[in-house]
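*Asks:* The file below is work_30.txt, compact mmCIF, C-alpha atoms:
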```
# COMPACT_ATOMS: atom_id res chain seq x y z
CA MET V 15 103.46 87.15 105.07
CA SER V 16 105.52 84.19 106.22
CA LEU V 17 108.50 84.89 108.42
CA VAL V 18 111.70 82.97 107.71
CA ASN V 19 114.69 82.95 110.04
CA PHE V 20 117.69 81.59 108.18
CA THR V 21 119.90 81.74 111.29
CA THR V 22 117.74 79.52 113.48
CA ARG V 23 116.08 77.90 110.45
CA GLU V 24 112.51 78.62 111.46
CA ILE V 25 109.45 79.39 109.35
CA THR V 26 106.20 80.88 110.64
CA CYS V 27 103.15 81.06 108.36
CA LYS V 28 99.69 82.51 108.86
CA ILE V 29 96.61 80.62 107.67
CA VAL V 30 93.16 82.19 107.85
CA TYR V 31 89.92 80.20 107.94
CA TYR V 32 87.34 82.31 106.13
CA GLY V 33 83.67 81.75 105.35
CA PRO V 34 80.10 82.72 106.20
CA GLY V 35 78.73 82.77 109.75
CA ARG V 36 78.15 79.36 111.34
CA SER V 37 79.93 77.48 108.56
CA GLY V 38 82.28 75.75 111.03
CA LYS V 39 85.50 77.74 111.05
CA THR V 40 85.88 77.72 114.84
CA THR V 41 84.88 74.05 114.92
CA ASN V 42 87.81 73.27 112.61
CA LEU V 43 90.24 74.91 115.01
CA GLN V 44 88.64 73.31 118.05
CA TYR V 45 89.04 69.89 116.46
CA VAL V 46 92.68 70.56 115.61
CA TYR V 47 93.27 71.81 119.16
CA GLY V 48 91.72 68.65 120.60
CA ARG V 49 93.75 66.27 118.48
CA VAL V 50 97.21 67.81 118.43
CA PRO V 51 99.56 66.78 121.29
CA ASP V 52 100.09 69.45 123.99
CA ASP V 53 103.74 69.97 123.13
CA ARG V 54 102.88 70.73 119.49
CA ARG V 55 100.29 73.43 120.07
CA GLY V 56 99.74 76.61 122.03
CA ARG V 57 96.68 77.84 123.84
CA MET V 58 93.63 78.38 121.67
CA VAL V 59 92.60 81.99 121.98
CA SER V 60 88.96 82.80 121.18
CA LEU V 61 87.70 86.35 121.15
CA ALA V 62 83.99 85.59 121.07
CA THR V 63 80.67 87.14 122.05
CA HIS V 64 78.76 85.87 125.09
CA THR V 65 76.88 83.57 122.70
CA ASP V 66 80.14 82.04 121.45
CA ARG V 67 80.04 83.73 118.06
CA THR V 68 83.49 84.83 116.93
CA LEU V 69 83.85 88.54 117.60
CA PHE V 70 87.40 89.19 116.43
CA PHE V 71 89.24 85.93 115.82
CA ASP V 72 90.15 82.50 117.10
CA PHE V 73 93.83 81.76 117.12
CA LEU V 74 95.73 78.51 117.40
CA PRO V 75 99.49 78.19 116.94
CA ILE V 76 100.73 74.74 115.97
CA ASP V 77 104.20 73.34 115.57
CA LEU V 78 104.49 71.24 112.42
CA GLY V 79 107.98 70.00 113.19
CA THR V 80 110.98 70.13 110.87
CA ILE V 81 110.34 70.43 107.15
CA SER V 82 113.27 70.60 104.74
CA GLY V 83 115.49 71.46 107.70
CA PHE V 84 113.28 74.33 108.87
CA LYS V 85 111.35 74.24 112.14
CA THR V 86 107.90 75.13 110.85
CA ARG V 87 105.06 76.73 112.78
CA PHE V 88 101.61 77.66 111.56
CA GLN V 89 99.35 80.27 113.06
CA LEU V 90 95.73 79.31 112.41
CA TYR V 91 93.20 82.14 112.57
CA THR V 92 89.46 82.27 111.98
CA VAL V 93 87.57 85.40 111.03
CA PRO V 94 84.11 86.35 112.28
CA GLY V 95 81.70 85.16 109.61
CA GLN V 96 78.83 87.54 110.22
CA VAL V 97 78.50 90.29 107.60
CA TYR V 98 78.45 92.90 110.37
CA TYR V 99 82.07 92.24 111.32
CA ASN V 100 83.79 93.03 108.03
CA ALA V 101 86.15 95.60 109.59
CA THR V 102 87.64 93.03 111.95
CA ARG V 103 87.64 90.39 109.21
CA LYS V 104 89.90 92.62 107.12
CA LEU V 105 92.32 93.04 110.00
CA VAL V 106 92.65 89.32 110.57
CA LEU V 107 93.25 88.73 106.86
CA GLN V 108 96.30 91.02 106.86
CA GLY V 109 99.48 89.12 106.12
CA ALA V 110 97.75 85.79 105.44
CA ASP V 111 99.91 83.24 103.63
CA GLY V 112 97.00 80.96 102.84
CA VAL V 113 93.23 80.88 103.14
CA VAL V 114 90.84 78.04 103.91
CA PHE V 115 87.35 78.90 102.78
CA VAL V 116 84.93 76.96 104.97
CA GLY V 117 81.66 76.78 103.07
CA ASP V 118 78.34 75.53 104.41
CA SER V 119 77.10 72.68 102.21
CA GLN V 120 73.42 73.35 102.94
CA ALA V 121 71.57 74.35 99.77
CA ARG V 122 69.88 77.25 101.56
CA GLN V 123 73.27 78.67 102.51
CA LEU V 124 74.58 78.92 98.96
CA ASP V 125 73.98 82.67 98.66
CA GLU V 126 75.85 83.26 101.94
CA ASN V 127 78.77 81.19 100.65
CA ILE V 128 78.92 83.20 97.43
CA ALA V 129 78.67 86.51 99.29
CA SER V 130 81.46 85.48 101.68
CA LEU V 131 83.71 84.39 98.81
CA GLN V 132 83.11 87.71 97.06
CA ASN V 133 83.87 89.47 100.33
CA LEU V 134 87.15 87.51 100.60
CA GLN V 135 88.08 88.58 97.10
CA ALA V 136 87.28 92.24 97.84
CA ASN V 137 89.18 92.24 101.13
CA LEU V 138 92.24 90.62 99.57
CA LEU V 139 92.16 93.08 96.68
CA GLU V 140 92.07 95.94 99.17
CA GLN V 141 95.43 94.63 100.41
CA GLY V 142 96.75 94.37 96.87
CA ILE V 143 96.45 90.58 96.79
CA ASP V 144 94.84 88.77 93.87
CA VAL V 145 92.64 85.93 95.13
CA ARG V 146 93.93 83.85 92.21
CA THR V 147 97.48 83.87 93.59
CA VAL V 148 97.00 83.26 97.30
CA PRO V 149 97.06 79.56 98.30
CA LEU V 150 93.41 78.60 98.79
CA VAL V 151 91.57 75.46 99.86
CA LEU V 152 87.80 75.15 99.85
CA GLN V 153 86.28 72.99 102.55
CA TYR V 154 82.63 72.06 102.07
CA ASN V 155 81.49 71.49 105.62
CA LYS V 156 78.36 69.78 106.99
CA GLN V 157 78.47 67.03 104.39
CA ASP V 158 77.11 64.76 107.13
CA LEU V 159 73.67 66.42 106.96
CA PRO V 160 70.82 64.61 105.14
CA ARG V 161 71.37 64.47 101.38
CA ASP V 162 68.22 66.42 100.57
CA LEU V 163 69.48 69.44 102.55
CA ILE V 164 72.95 69.75 101.07
CA LEU V 165 74.60 70.29 97.73
CA THR V 166 77.01 67.74 96.33
CA MET V 167 80.73 68.40 96.00
CA GLU V 168 80.28 68.81 92.24
CA GLU V 169 77.49 71.36 92.69
CA LEU V 170 79.50 73.32 95.25
CA ASP V 171 82.61 73.27 93.08
CA GLU V 172 80.54 74.49 90.16
CA GLN V 173 79.21 77.43 92.19
CA LEU V 174 82.24 78.38 94.30
CA ASN V 175 85.45 76.92 92.98
CA PHE V 176 86.23 79.27 90.11
CA ARG V 177 89.98 78.81 90.68
CA ASP V 178 89.90 75.04 90.60
CA ALA V 179 91.50 75.06 94.05
CA PRO V 180 91.70 71.87 96.12
CA SER V 181 88.29 71.18 97.68
CA VAL V 182 87.65 68.90 100.64
CA PRO V 183 84.35 67.43 101.90
CA ALA V 184 84.06 67.76 105.65
CA ALA V 185 82.01 67.25 108.78
CA ALA V 186 84.16 69.35 111.10
CA VAL V 187 82.14 68.53 114.19
CA SER V 188 83.30 64.90 113.94
CA GLY V 189 86.67 65.82 112.47
CA GLU V 190 86.04 64.44 109.01
CA GLY V 191 88.02 66.43 106.45
CA VAL V 192 89.68 68.71 109.02
CA PHE V 193 93.07 67.06 108.77
CA GLU V 194 92.85 66.81 104.97
CA THR V 195 92.06 70.51 104.77
CA LEU V 196 94.99 71.48 106.97
CA LYS V 197 97.27 69.20 104.97
CA ALA V 198 96.12 70.70 101.65
CA ILE V 199 96.58 74.32 102.76
CA SER V 200 99.92 73.56 104.43
CA ALA V 201 101.18 72.01 101.20
CA GLY V 202 99.88 74.97 99.19
CA VAL V 203 101.54 77.55 101.45
CA LEU V 204 104.86 75.71 101.64
CA ARG V 205 104.82 75.03 97.90
CA LYS V 206 104.46 78.74 97.25
CA LEU V 207 107.30 79.43 99.69
CA SER V 208 109.52 76.93 97.87
CA GLU V 209 108.74 78.57 94.51
CA GLU V 210 108.82 82.22 95.56
CA PRO V 211 111.28 83.39 98.22
CA PRO V 212 109.65 85.56 100.90
CA ARG V 213 109.82 89.30 100.20
CA MET X 180 115.11 78.85 125.39
CA LYS X 181 117.24 81.98 125.89
CA PRO X 182 115.35 84.84 127.61
CA THR X 183 116.09 87.20 124.71
CA ARG X 184 116.16 86.03 121.13
CA ALA X 185 115.63 87.57 117.74
CA VAL X 186 114.70 86.40 114.27
CA GLU X 187 116.55 89.42 112.92
CA PRO X 188 119.90 89.47 114.79
CA TRP X 189 120.37 93.24 114.57
CA ILE X 190 117.43 93.76 116.96
CA LEU X 191 119.01 91.65 119.69
CA ALA X 192 121.42 94.20 121.22
CA PRO X 193 118.92 97.11 121.32
CA LEU X 194 116.29 94.80 122.82
CA GLU X 195 118.66 93.49 125.50
CA ARG X 196 119.55 97.05 126.45
CA PHE X 197 115.87 98.02 126.55
CA VAL X 198 114.83 95.20 128.88
CA THR X 199 117.79 95.86 131.18
CA GLU X 200 117.16 99.60 131.42
CA SER X 201 113.36 99.49 131.63
CA ALA X 202 113.16 96.33 133.79
CA ALA X 203 110.54 94.96 131.39
CA ARG X 204 109.53 91.38 132.17
CA LEU X 205 108.33 90.42 128.71
CA THR X 206 108.84 92.17 125.41
CA LEU X 207 107.90 91.35 121.83
CA VAL X 208 108.89 93.20 118.69
CA MET X 209 106.66 92.12 115.81
CA THR X 210 105.21 93.01 112.44
CA PRO X 211 101.69 94.47 112.20
CA SER X 212 100.36 91.02 111.24
CA GLY X 213 101.71 89.51 114.46
CA GLN X 214 104.89 87.83 113.20
CA VAL X 215 107.52 87.99 115.95
CA LEU X 216 110.92 89.50 115.10
CA ALA X 217 112.38 89.48 118.61
CA GLN X 218 111.30 88.50 122.09
CA HIS X 219 112.33 88.61 125.69
CA GLY X 220 111.09 86.61 128.66
CA PHE X 221 108.75 84.08 127.06
CA THR X 222 109.48 80.40 127.54
CA ARG X 223 107.34 78.72 124.88
CA ALA X 224 107.32 79.77 121.22
CA VAL X 225 103.60 79.07 120.96
CA ASP X 226 102.83 81.42 123.89
CA VAL X 227 104.83 84.08 122.11
CA MET X 228 102.61 83.66 119.06
CA SER X 229 99.40 83.99 121.09
CA ALA X 230 100.60 87.18 122.76
CA ALA X 231 101.73 88.57 119.41
CA ALA X 232 98.40 87.76 117.74
CA LEU X 233 96.48 89.48 120.53
CA GLY X 234 98.79 92.51 120.57
CA ALA X 235 98.64 92.91 116.80
CA GLY X 236 94.86 92.62 116.95
CA ILE X 237 94.61 95.41 119.52
CA VAL X 238 96.89 97.72 117.53
CA ALA X 239 95.05 96.96 114.29
CA SER X 240 91.63 97.62 115.78
CA THR X 241 92.62 100.85 117.56
CA GLY X 242 94.30 101.93 114.30
CA GLU X 243 91.03 101.44 112.46
CA ILE X 244 89.18 103.47 115.09
CA ALA X 245 91.77 106.23 114.60
CA THR X 246 91.11 106.13 110.85
CA MET X 247 87.38 106.44 111.46
CA LEU X 248 88.03 109.46 113.67
CA LYS X 249 90.38 110.91 111.03
CA GLU X 250 93.19 110.81 113.56
CA PRO X 251 96.73 110.14 112.23
CA GLY X 252 96.93 107.16 114.59
CA PHE X 253 97.28 106.39 118.27
CA GLN X 254 100.89 106.03 119.23
CA ALA X 255 100.74 103.86 122.31
CA LEU X 256 98.35 102.18 124.66
CA ASN X 257 98.92 101.35 128.30
CA HIS X 258 96.94 99.25 130.73
CA GLN X 259 97.90 99.16 134.38
CA GLY X 260 96.92 96.15 136.44
CA ARG X 261 97.63 95.40 140.09
CA ARG X 262 100.81 93.42 139.46
CA HIS X 263 101.51 93.98 135.79
CA GLY X 264 101.14 96.69 133.21
CA ILE X 265 101.16 96.33 129.45
CA PHE X 266 102.49 98.89 127.01
CA LEU X 267 101.67 98.45 123.35
CA ALA X 268 102.97 100.75 120.65
CA GLY X 269 103.64 100.94 116.94
CA PHE X 270 106.67 102.65 115.41
CA GLU X 271 108.24 103.23 112.03
CA SER X 272 111.52 101.51 111.19
CA PRO X 273 113.65 101.20 108.04
CA ARG X 274 111.90 97.82 107.53
CA GLY X 275 108.45 99.40 107.74
CA ARG X 276 106.01 99.63 110.61
CA LEU X 277 106.72 97.44 113.64
CA LEU X 278 104.92 96.90 116.94
CA ALA X 279 106.16 96.33 120.45
CA LEU X 280 104.35 94.70 123.34
CA VAL X 281 105.97 95.24 126.73
CA VAL X 282 104.85 93.69 130.01
CA TYR X 283 106.28 95.29 133.14
CA GLY X 284 105.87 94.64 136.86
CA THR X 285 105.81 96.72 140.01
CA ASP X 286 109.59 97.16 139.80
CA SER X 287 109.10 99.34 136.71
CA SER X 288 106.58 101.90 135.48
CA VAL X 289 104.97 103.12 132.30
CA GLY X 290 107.17 106.21 132.41
CA LEU X 291 110.33 104.15 132.55
CA VAL X 292 109.14 101.89 129.77
CA GLN X 293 108.19 104.87 127.60
CA LEU X 294 111.51 106.57 128.20
CA PHE X 295 113.60 103.59 127.12
CA PHE X 296 111.16 102.67 124.39
CA GLU X 297 112.06 105.90 122.60
CA GLU X 298 115.70 104.82 122.79
CA LEU X 299 114.82 101.37 121.49
CA ILE X 300 113.11 102.90 118.44
CA ALA X 301 116.11 105.15 117.77
CA GLU X 302 118.57 102.27 118.12
CA ILE X 303 116.57 99.99 115.86
CA GLY X 304 116.50 102.81 113.32
CA GLU X 305 120.27 103.08 113.45
CA VAL X 306 121.17 99.40 113.25
CA THR X 307 118.60 98.15 110.74
CA PRO X 308 120.49 96.90 107.67
CA VAL X 309 119.31 97.22 104.11
CA MET X 310 116.85 94.45 103.23
CA PRO X 311 118.87 91.49 101.85
CA ALA X 312 117.95 89.92 98.55
CA PRO X 313 115.38 87.16 99.08
CA LYS X 314 116.64 83.60 98.85
CA ALA X 315 114.93 80.28 98.29
CA VAL X 316 113.58 78.64 101.41
CA LEU X 317 112.34 75.10 101.02
CA ALA X 318 113.56 72.28 98.87
CA ALA X 319 111.14 71.29 96.14
CA ASP X 320 110.71 67.87 97.77
CA PHE X 321 109.41 69.20 101.10
CA GLU X 322 106.16 67.27 100.83
CA ALA X 323 107.51 64.00 102.24
CA ASP X 324 108.64 65.88 105.37
CA LEU X 325 105.29 67.67 105.54
CA ASN X 326 103.31 64.43 105.32
CA GLN X 327 105.44 62.88 108.05
CA SER X 328 105.07 65.92 110.31
CA LEU X 329 101.32 66.09 109.85
CA ALA X 330 100.99 62.36 110.50
CA THR X 331 102.66 62.77 113.90
CA LEU X 332 100.54 65.85 114.59
CA PHE X 333 97.23 64.00 114.14
CA GLN X 334 97.85 60.68 115.80
```
Could I get this file's structure written as structure tokens?
*Replies:*
Amino acid sequence: MSLVNFTTREITCKIVYYGPGRSGKTTNLQYVYGRVPDDRRGRMVSLATHTDRTLFFDFLPIDLGTISGFKTRFQLYTVPGQVYYNATRKLVLQGADGVVFVGDSQARQLDENIASLQNLQANLLEQGIDVRTVPLVLQYNKQDLPRDLILTMEELDEQLNFRDAPSVPAAAVSGEGVFETLKAISAGVLRKLSEEPPR
Amino acid sequence: MKPTRAVEPWILAPLERFVTESAARLTLVMTPSGQVLAQHGFTRAVDVMSAAALGAGIVASTGEIATMLKEPGFQALNHQGRRHGIFLAGFESPRGRLLALVVYGTDSSVGLVQLFFEELIAEIGEVTPVMPAPKAVLAADFEADLNQSLATLFQ
């Protein structure tokens, strides 16, 4: 849940990058970390296995600057994508103000995408949150792979985007779509905050 | 940045007393999802957030282990290093469950921290006001500001 300080006029929001294993969640954060000026970001924390698979979470705090007179900071988290780590995934999801679902565009990964999206829905419901109300952006990553290996945006939307949420094509390894995704989820989270005061 | 600051002003005085009495070097009071309510000793806001995220993660994961063991919950956790110790604990407050992360040096001890931590919990319990009615936060036209901020972020 976002934290708003009316005295110092500061807002802090939590955004979670969700999705199946190896879909590119950590790569999104690494790209953001590499592009954002030092004074606008904190240290990127990665709790990973010895093979660089996310074990608990990656974390990157960024300072968006002043928006509507409020100094605004976002905490970007990733969850571990592997099915095995659902317990830790649930913990990271607690208190999320917005979710980026990073899907893998490869046709052979479609079942994993669907399973991960269902898992997101189940884990949100466990916290009493309806997936239809939480700000959500779908990023279809790896769109730079050969055409015959991947699904088109339309096909992915048809299979995954039941909420008609904003969807962004991406190649996170080169940064394509990373900024657009962050912009879309930031707008979604702040829009919700402007419509519904924090509890 | 002031050494001690609070998002919720009523925490400030109890926190200042706690750090003075316990000689804690760094202290965070936060929600279980890692949102910081008050802090002492950190210089950069983004470092505060990293420490809070890690602390909240530790408490959440040990809490889940407690659930698996059918334990009511582990109250506190302490790690003692050569120059620093960390004390991490959850507690109930009138605003719900909160967490505290305390870093102390060789001029303090876990016993001292624990002793004054109990007082901190009691004081927070006494001074916590009733939750105010929520009020609107952002103007409806925030998007121009957002676009400008993001443009400077990704140069």
*Asks:* Name the residues in contact with X:Val227 at a cut-off of 8 Å, using only C-alpha atoms, excluding same-chain residues fewer than 5 positions from it; report them as a list in words.
*Replies:*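 Using only C-alpha atoms, the neighbours found are Leu207, Val215, Gln218 and Phe221 of chain X.
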*Asks:* With C-alpha atoms retained, could you export that selection as a PDB file, in the frame of the given file?
*Replies:*
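The resulting result.pdb:
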```pdb
ATOM      1  CA  LEU X 207     107.900  91.350 121.830  1.00  0.00           C
ATOM      2  CA  VAL X 215     107.520  87.990 115.950  1.00  0.00           C
ATOM      3  CA  GLN X 218     111.300  88.500 122.090  1.00  0.00           C
ATOM      4  CA  PHE X 221     108.750  84.080 127.060  1.00  0.00           C
TER       5      PHE X 221
END
```
*Asks:* Here is a test: counting only C-alpha atoms, which residue of V:Thr22, V:Thr92, V:Asn100, V:Ser82 is nearest to V:Leu43?
*Replies:*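 The closest residue to V:Leu43 is V:Thr92.
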*Asks:* For chain X, work out the contacting residues on chain V at 7 Å, counting only C-alpha atoms, and write them as a list in words.
*Replies:*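 Here they are: Leu17, Asn19, Arg49, Val50, Pro51, Arg55, Gly56, Pro75, Leu78, Gly79, Ile81, Ser82, Leu105, Gln108, Gly109, Ala201, Leu207, Ser208, Glu210, Pro211, Pro212 and Arg213 of chain V.
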*Asks:* Provide the atom CA of V:Gly191 to atom CA of V:Lys156 distance in Å, to one decimal place.
*Replies:*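 So the answer is 10.2 Å.
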*Asks:* The residues within 10 Å of (92.0, 71.6, 115.9), using only C-alpha atoms and the coordinates of the file, should be reported as JSON, numbers by chain; which are they?
*Replies:* {"V": [40, 41, 42, 43, 44, 45, 46, 47, 48, 49, 50, 55, 58, 74, 76, 90, 186, 189, 192, 193, 196], "X": [333]}
